[in-house]
Every structure is written in structure tokens, then in C-alpha cells.
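Encoded as C-alpha cells, the structure appears first; notes follow it.
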Amino acid sequence: MFGQRILILVPHPDDEIVACAAAIGRARAQGAQIFALYLTHGCIARETLWPWQRRSYDTFIAKRREEGEMVARYLGITPIGWSPLPARHLWRNLQDIYKDIQSAVTRYSIDQIWTPAYEGGNADHDALNAISSLFSNQISILEFAEYNFANGAVNSQKFPTLKGTEQTLTLSADEKASKQHALKLYKSEQKNLNYVACDHETFRPIAPYDYSQIPHKGTLWYARFQWVPFQHPRVDFTNPRDVSKAITSFLEANAPLAPAKQ
């Protein structure tokens, strides 16, 4: 089920807990070495903050990384890279992220990648899932459900669409307590983590997606407050169609070449 040298792709520090804290513990119990590549620093861009918050921007970033390093020690995973990109910008930098992952896979002899699901929870998550799909012919890829707004409801650790290959880990009392403790270590994110279910985790081999289409019908999680009539920092105004276009262009540019006909 789990590889021996696992690379967790972390779009924002805290996703490693939301998606797979218990799975990390079980994989380590089976002898796996687990590495984490943090692909944004987790804070939104400076210019997106309220003007009076911007002077503390570097402090916010340093705090988020400090929390991430603390969680890594607690979970027993090895950080191997911290991106300077702000949150909500991963999907705008697909080629550079792809190169970073390629380098990590080679350098650390990775035999399995863990990635967020393509579920519309966050544009960065969806983009990272698409990048991960390019490795599916080389190594094992597991995608983990985090959160989505399919059918107009808050769903935690549940895929919008089932493929029949899902596996669910039912957390023991100790695993649940450990995951809750790890979430609390991200003190700077407490307002954003109250939706996380801690009784189970769900994953599957990465599914074949049509990335030219948004992840599911209806409103996506990150777009559910876009009715707000002004640029509120806590509202992500990313257009899901723009994300799909960026992903499609990236995949077309990096599609594996078909073998030459004999």
C-alpha cells in the first residue's frame, strides 16, 4: 500500500496534516522514509493583505515555517525544500514546480508520491495533482482527499466522485488525538482548520482526470465566497476556469512523447 521512500507534496504548510497525518504514522511504522516538499510558504501575497498587515509580512512567513518545521519533527518527516511562492500562486508557476518535483524524485530516490486530490478545495491543490499525474507512468502516486464543496456541502476527507479504488483509514483514538495535536501546532491557521475531520483519512491511486474541466459541478470550495463585492484577503477570487486553462496548457507542453512507430 505504501512506498518505502515517500515524497509528500505539500501545497501549503498544514496540508500534510489535513490530508495524511495518520497515513504518515502507519507508513513510518512499516519502515518508510518520508520526505516533504513545501511548495508555497502558505501565506497569501503581501499585496493581498490589508495595508496595516503588510509591515508584518515577513514575520507571518517565518512563523508559518517555524510551525511547519515543528510539525515535521512531530510527525517524523524530513523537509527537503521550502518554496518562496505565496499561497494561491502555485498554479501560476506550474513549470517551475514540476522541475522542483523532478529534482526531488531523482535526488531522494522516491518510489511513491502523495498529493492532494483534484477536488476543487484549493486551486494550488488541483494544480499539484495535475503535475503529479505526469509521474504516474514512473512511480506510484497516491492522492488524498482533503476538503471540497461538492453538492453544496462541506466534505472533509471524502472524494467528490468515487472510482472504486478508494481506501479509508479509520483512525484509532491515539491517531485521532495525535492529528488534533498536530493541527493545533499550526497556531497561525486555527481559523482555517475547523472543518478538518479527524476520524478517518481517504486516499486512492491517482485517478485519470480531464483537467480541462473543473473538478466537479457546482461551486468549488475556494470559490464559495466570491460573491463578496470587494477584495477581502480571506476570500480567494481565483477563477476556476483560469486554473483549468493553465493546467491544460502546462500538460500539453509536457505530455510524454509517444514512442516512434517501427
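Chain identifiers are assigned as A, B, and so on, following the order in which chains appear in the C-alpha cells; residues are numbered from 1 within each chain, and ligands are numbered from 1 in order of appearance.
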Segment 238-254 of chain A: which residues within 10 Å, counting only C-alpha atoms, same-chain residues fewer than 6 positions away excluded, as a short mmCIF file (atom, residue, chain, number, x, y, z; two decimals) with N, CA and C atoms, in the first residue's frame?
data_model
loop_
_atom_site.label_atom_id
_atom_site.label_comp_id
_atom_site.auth_asym_id
_atom_site.auth_seq_id
_atom_site.Cartn_x
_atom_site.Cartn_y
_atom_site.Cartn_z
N ARG A 88 -1.87 30.53 -3.27
CA ARG A 88 -2.68 30.95 -4.42
C ARG A 88 -1.83 31.26 -5.65
N HIS A 89 -0.54 30.96 -5.60
CA HIS A 89 0.33 31.23 -6.75
C HIS A 89 0.99 29.97 -7.30
N TRP A 91 -0.41 27.46 -8.77
CA TRP A 91 -1.00 27.13 -10.07
C TRP A 91 -0.53 28.07 -11.18
N ARG A 92 0.07 29.19 -10.80
CA ARG A 92 0.60 30.13 -11.78
C ARG A 92 2.06 29.83 -12.13
N ASN A 93 2.66 28.86 -11.48
CA ASN A 93 4.10 28.57 -11.65
C ASN A 93 4.31 27.07 -11.85
N LEU A 94 3.52 26.49 -12.71
CA LEU A 94 3.50 25.03 -12.86
C LEU A 94 4.83 24.46 -13.35
N GLN A 95 5.46 25.12 -14.30
CA GLN A 95 6.69 24.57 -14.86
C GLN A 95 7.81 24.54 -13.82
N TYR A 98 7.09 21.77 -11.31
CA TYR A 98 7.36 20.47 -11.93
C TYR A 98 8.85 20.14 -11.88
N GLY A 120 -11.20 20.58 -6.10
CA GLY A 120 -11.71 21.94 -6.02
C GLY A 120 -11.63 22.56 -4.64
N ASN A 122 -8.79 23.79 -3.30
CA ASN A 122 -7.87 24.91 -3.44
C ASN A 122 -7.23 24.81 -4.82
N ALA A 123 -7.08 25.93 -5.49
CA ALA A 123 -6.50 25.91 -6.84
C ALA A 123 -5.09 25.34 -6.83
N ASP A 124 -4.32 25.63 -5.79
CA ASP A 124 -2.96 25.10 -5.69
C ASP A 124 -2.98 23.58 -5.56
N ASP A 126 -5.30 21.52 -6.74
CA ASP A 126 -5.69 20.96 -8.03
C ASP A 126 -4.53 20.98 -9.02
N ALA A 127 -3.78 22.06 -9.02
CA ALA A 127 -2.64 22.17 -9.92
C ALA A 127 -1.57 21.13 -9.57
N LEU A 128 -1.35 20.93 -8.29
CA LEU A 128 -0.34 19.97 -7.85
C LEU A 128 -0.74 18.54 -8.23
N ASN A 129 -2.02 18.25 -8.16
CA ASN A 129 -2.50 16.94 -8.59
C ASN A 129 -2.20 16.73 -10.08
N ALA A 130 -2.43 17.77 -10.88
CA ALA A 130 -2.17 17.68 -12.31
C ALA A 130 -0.68 17.45 -12.59
N ILE A 131 0.18 18.17 -11.89
CA ILE A 131 1.62 17.96 -12.06
C ILE A 131 1.98 16.52 -11.69
N SER A 133 0.31 13.90 -11.95
CA SER A 133 -0.13 12.92 -12.94
C SER A 133 0.95 12.61 -13.97
N LEU A 134 1.87 13.54 -14.18
CA LEU A 134 2.94 13.32 -15.15
C LEU A 134 3.94 12.27 -14.69
N ASP A 210 -9.95 14.66 -16.40
CA ASP A 210 -9.98 15.62 -17.51
C ASP A 210 -9.73 16.98 -16.88
N TYR A 211 -8.48 17.39 -16.87
CA TYR A 211 -8.11 18.63 -16.19
C TYR A 211 -8.59 19.88 -16.93
N SER A 212 -9.11 19.70 -18.14
CA SER A 212 -9.69 20.85 -18.83
C SER A 212 -11.05 21.23 -18.24
N GLN A 213 -11.58 20.35 -17.40
CA GLN A 213 -12.85 20.58 -16.73
C GLN A 213 -12.61 20.83 -15.24
N ILE A 214 -13.43 21.70 -14.63
CA ILE A 214 -13.29 21.92 -13.19
C ILE A 214 -13.63 20.62 -12.46
N PRO A 215 -13.16 20.45 -11.22
CA PRO A 215 -13.24 19.15 -10.54
C PRO A 215 -14.63 18.57 -10.35
N THR A 219 -20.42 24.91 -7.16
CA THR A 219 -19.42 25.84 -6.64
C THR A 219 -18.26 25.10 -6.00
N LEU A 220 -17.03 25.50 -6.34
CA LEU A 220 -15.86 24.91 -5.72
C LEU A 220 -15.63 25.54 -4.34
N TYR A 222 -13.02 26.89 -2.91
CA TYR A 222 -12.30 28.17 -2.84
C TYR A 222 -13.08 29.30 -3.51
N ALA A 223 -14.14 28.96 -4.24
CA ALA A 223 -14.92 29.99 -4.91
C ALA A 223 -16.23 30.31 -4.20
N GLN A 226 -16.93 34.08 -3.36
CA GLN A 226 -16.55 35.08 -4.37
C GLN A 226 -17.67 36.09 -4.66
#
task = Compile the contact shell of Leu49 of chain A as number ranges by chain: residues with an atom at most 6 Å away, counting only C-alpha atoms, same-chain residues fewer than 2 positions apart removed.
result = A: 46-47, 233
query = In terms of the shortest atom-to-atom distance over only C-alpha atoms, which of A:Gln53, A:Ser178, A:Ser109, A:Asn155 is closest to Cys20 of chain A?
reply =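 Nearest candidate to Cys20 of chain A out of A:Gln53, A:Ser178, A:Ser109, A:Asn155: A:Ser178.
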query = Neighbours of Gly3 of chain A within 9 Å (only C-alpha atoms; same-chain residues fewer than 3 positions away dropped), as a PyMOL selection string?
reply = chain A and resi 6+27+32-33+110-113+140
Which residue of A:Phe237, A:Trp114, A:Phe144, A:Tyr108 approaches Arg5 of chain A most closely, using only C-alpha atoms =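 Comparing A:Phe237, A:Trp114, A:Phe144, A:Tyr108 against Arg5 of chain A, the winner is A:Tyr108.
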inquiry  = Show me, as an MDAnalysis selection string, the residues that have an atom within 7 Å of segment 186-200 of chain A when counting only C-alpha atoms, minus same-chain residues fewer than 2 positions from it.
reply    = chainID A and resid 14 18 64 67 156:157 168:171 176 179:180 183:184 202
ask   = Any idea what the distance is between atom CA of Ser136 of chain A and atom CA of Pro86 of chain A?
value = 26.9 Å
task = Taking the DSSP assignment computed from this structure's backbone, write out as an NGL selection string all residues of segment 41-104 of chain A that belong to alpha helix (DSSP H).
result = :A and (57-75 or 94-104)
Selection to disk with C-alpha atoms, as a PDB file, in the first residue's frame:
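Okay, this is what ended up in result_7.pdb:
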ATOM      1  CA  TYR A  57       4.532  40.045   6.296  1.00  0.00           C
ATOM      2  CA  ASP A  58       7.998  38.564   6.815  1.00  0.00           C
ATOM      3  CA  THR A  59       7.038  37.710  10.393  1.00  0.00           C
ATOM      4  CA  PHE A  60       3.957  35.834   9.157  1.00  0.00           C
ATOM      5  CA  ILE A  61       6.068  33.775   6.743  1.00  0.00           C
ATOM      6  CA  ALA A  62       8.705  32.977   9.378  1.00  0.00           C
ATOM      7  CA  LYS A  63       6.012  31.873  11.823  1.00  0.00           C
ATOM      8  CA  ARG A  64       4.371  29.560   9.309  1.00  0.00           C
ATOM      9  CA  ARG A  65       7.685  27.911   8.521  1.00  0.00           C
ATOM     10  CA  GLU A  66       8.517  27.558  12.208  1.00  0.00           C
ATOM     11  CA  GLU A  67       5.183  25.801  12.710  1.00  0.00           C
ATOM     12  CA  GLY A  68       5.828  23.576   9.694  1.00  0.00           C
ATOM     13  CA  GLU A  69       9.229  22.528  10.978  1.00  0.00           C
ATOM     14  CA  MET A  70       7.725  21.782  14.390  1.00  0.00           C
ATOM     15  CA  VAL A  71       5.051  19.593  12.793  1.00  0.00           C
ATOM     16  CA  ALA A  72       7.649  17.805  10.662  1.00  0.00           C
ATOM     17  CA  ARG A  73       9.584  16.864  13.785  1.00  0.00           C
ATOM     18  CA  TYR A  74       6.394  15.734  15.492  1.00  0.00           C
ATOM     19  CA  LEU A  75       5.315  13.551  12.551  1.00  0.00           C
ATOM     20  CA  LEU A  94       3.498  25.029 -12.858  1.00  0.00           C
ATOM     21  CA  GLN A  95       6.692  24.569 -14.858  1.00  0.00           C
ATOM     22  CA  ASP A  96       8.997  25.613 -12.025  1.00  0.00           C
ATOM     23  CA  ILE A  97       7.116  23.422  -9.535  1.00  0.00           C
ATOM     24  CA  TYR A  98       7.357  20.475 -11.931  1.00  0.00           C
ATOM     25  CA  LYS A  99      11.135  20.898 -12.135  1.00  0.00           C
ATOM     26  CA  ASP A 100      11.411  21.053  -8.340  1.00  0.00           C
ATOM     27  CA  ILE A 101       9.494  17.797  -8.003  1.00  0.00           C
ATOM     28  CA  GLN A 102      11.529  16.092 -10.734  1.00  0.00           C
ATOM     29  CA  SER A 103      14.704  17.066  -8.922  1.00  0.00           C
ATOM     30  CA  ALA A 104      13.423  15.783  -5.568  1.00  0.00           C
TER      31      ALA A 104
END
key: segment 76-223 of chain A: residues DSSP assigns to strand (DSSP E), reported as a PyMOL selection string   = chain A and resi 78-82+112-116+140-144+147-148+155-156+167-170+200-205
Would you export the selected residues with N, CA and C atoms as an mmCIF file, in the first residue's frame, please?
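Saved to result.cif:
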data_model
loop_
_atom_site.group_PDB
_atom_site.id
_atom_site.type_symbol
_atom_site.label_atom_id
_atom_site.label_comp_id
_atom_site.auth_asym_id
_atom_site.auth_seq_id
_atom_site.Cartn_x
_atom_site.Cartn_y
_atom_site.Cartn_z
ATOM 1 N N THR A 78 10.863 14.393 6.894
ATOM 2 C CA THR A 78 12.050 15.180 6.589
ATOM 3 C C THR A 78 11.747 16.249 5.552
ATOM 4 N N PRO A 79 11.750 17.538 5.925
ATOM 5 C CA PRO A 79 11.574 18.601 4.922
ATOM 6 C C PRO A 79 12.776 18.648 3.989
ATOM 7 N N ILE A 80 12.515 18.775 2.683
ATOM 8 C CA ILE A 80 13.627 18.824 1.730
ATOM 9 C C ILE A 80 13.570 20.082 0.861
ATOM 10 N N GLY A 81 12.642 20.979 1.133
ATOM 11 C CA GLY A 81 12.581 22.211 0.358
ATOM 12 C C GLY A 81 11.426 23.087 0.784
ATOM 13 N N TRP A 82 11.696 24.406 0.802
ATOM 14 C CA TRP A 82 10.681 25.388 1.187
ATOM 15 C C TRP A 82 10.599 26.437 0.091
ATOM 16 N N GLN A 112 7.339 6.682 -4.284
ATOM 17 C CA GLN A 112 5.904 6.974 -4.214
ATOM 18 C C GLN A 112 5.697 8.452 -3.872
ATOM 19 N N ILE A 113 4.744 9.071 -4.562
ATOM 20 C CA ILE A 113 4.361 10.463 -4.304
ATOM 21 C C ILE A 113 2.970 10.499 -3.687
ATOM 22 N N TRP A 114 2.812 11.343 -2.672
ATOM 23 C CA TRP A 114 1.494 11.619 -2.099
ATOM 24 C C TRP A 114 1.114 13.051 -2.467
ATOM 25 N N THR A 115 -0.073 13.227 -3.010
ATOM 26 C CA THR A 115 -0.501 14.533 -3.497
ATOM 27 C C THR A 115 -1.947 14.799 -3.108
ATOM 28 N N PRO A 116 -2.360 16.055 -3.009
ATOM 29 C CA PRO A 116 -3.779 16.341 -2.770
ATOM 30 C C PRO A 116 -4.635 15.899 -3.955
ATOM 31 N N SER A 140 4.594 5.101 -8.204
ATOM 32 C CA SER A 140 3.267 5.069 -7.601
ATOM 33 C C SER A 140 2.868 6.473 -7.131
ATOM 34 N N ILE A 141 1.611 6.844 -7.399
ATOM 35 C CA ILE A 141 1.076 8.127 -6.952
ATOM 36 C C ILE A 141 -0.201 7.863 -6.159
ATOM 37 N N LEU A 142 -0.253 8.343 -4.934
ATOM 38 C CA LEU A 142 -1.481 8.302 -4.148
ATOM 39 C C LEU A 142 -2.013 9.711 -3.993
ATOM 40 N N GLU A 143 -3.305 9.876 -4.186
ATOM 41 C CA GLU A 143 -3.943 11.178 -3.951
ATOM 42 C C GLU A 143 -4.839 11.072 -2.716
ATOM 43 N N PHE A 144 -4.797 12.119 -1.900
ATOM 44 C CA PHE A 144 -5.526 12.155 -0.636
ATOM 45 C C PHE A 144 -6.620 13.213 -0.693
ATOM 46 N N TYR A 147 -10.622 18.425 1.324
ATOM 47 C CA TYR A 147 -11.920 19.066 1.537
ATOM 48 C C TYR A 147 -12.474 19.557 0.206
ATOM 49 N N ASN A 148 -13.782 19.578 0.092
ATOM 50 C CA ASN A 148 -14.430 20.068 -1.114
ATOM 51 C C ASN A 148 -15.851 20.506 -0.786
ATOM 52 N N ASN A 155 -17.418 18.860 2.703
ATOM 53 C CA ASN A 155 -16.967 17.466 2.743
ATOM 54 C C ASN A 155 -15.505 17.420 3.146
ATOM 55 N N SER A 156 -15.210 16.672 4.182
ATOM 56 C CA SER A 156 -13.834 16.534 4.660
ATOM 57 C C SER A 156 -13.400 15.079 4.536
ATOM 58 N N GLN A 167 -9.350 3.873 -0.477
ATOM 59 C CA GLN A 167 -9.066 3.183 0.777
ATOM 60 C C GLN A 167 -9.232 4.195 1.908
ATOM 61 N N THR A 168 -9.884 3.764 2.957
ATOM 62 C CA THR A 168 -10.144 4.643 4.093
ATOM 63 C C THR A 168 -9.440 4.107 5.329
ATOM 64 N N LEU A 169 -8.680 4.973 5.964
ATOM 65 C CA LEU A 169 -8.055 4.648 7.243
ATOM 66 C C LEU A 169 -8.969 5.165 8.347
ATOM 67 N N THR A 170 -9.454 4.267 9.187
ATOM 68 C CA THR A 170 -10.214 4.673 10.361
ATOM 69 C C THR A 170 -9.229 4.912 11.489
ATOM 70 N N HIS A 200 -11.074 9.841 10.130
ATOM 71 C CA HIS A 200 -10.666 8.984 9.028
ATOM 72 C C HIS A 200 -9.846 9.782 8.019
ATOM 73 N N GLU A 201 -9.115 9.071 7.177
ATOM 74 C CA GLU A 201 -8.405 9.642 6.034
ATOM 75 C C GLU A 201 -8.676 8.749 4.831
ATOM 76 N N THR A 202 -8.792 9.358 3.659
ATOM 77 C CA THR A 202 -9.163 8.617 2.454
ATOM 78 C C THR A 202 -8.183 8.919 1.326
ATOM 79 N N PHE A 203 -7.757 7.870 0.646
ATOM 80 C CA PHE A 203 -6.813 8.037 -0.454
ATOM 81 C C PHE A 203 -7.077 6.977 -1.508
ATOM 82 N N ARG A 204 -6.421 7.129 -2.638
ATOM 83 C CA ARG A 204 -6.519 6.153 -3.725
ATOM 84 C C ARG A 204 -5.369 6.394 -4.703
ATOM 85 N N PRO A 205 -5.078 5.432 -5.587
ATOM 86 C CA PRO A 205 -4.147 5.729 -6.676
ATOM 87 C C PRO A 205 -4.707 6.889 -7.487
#
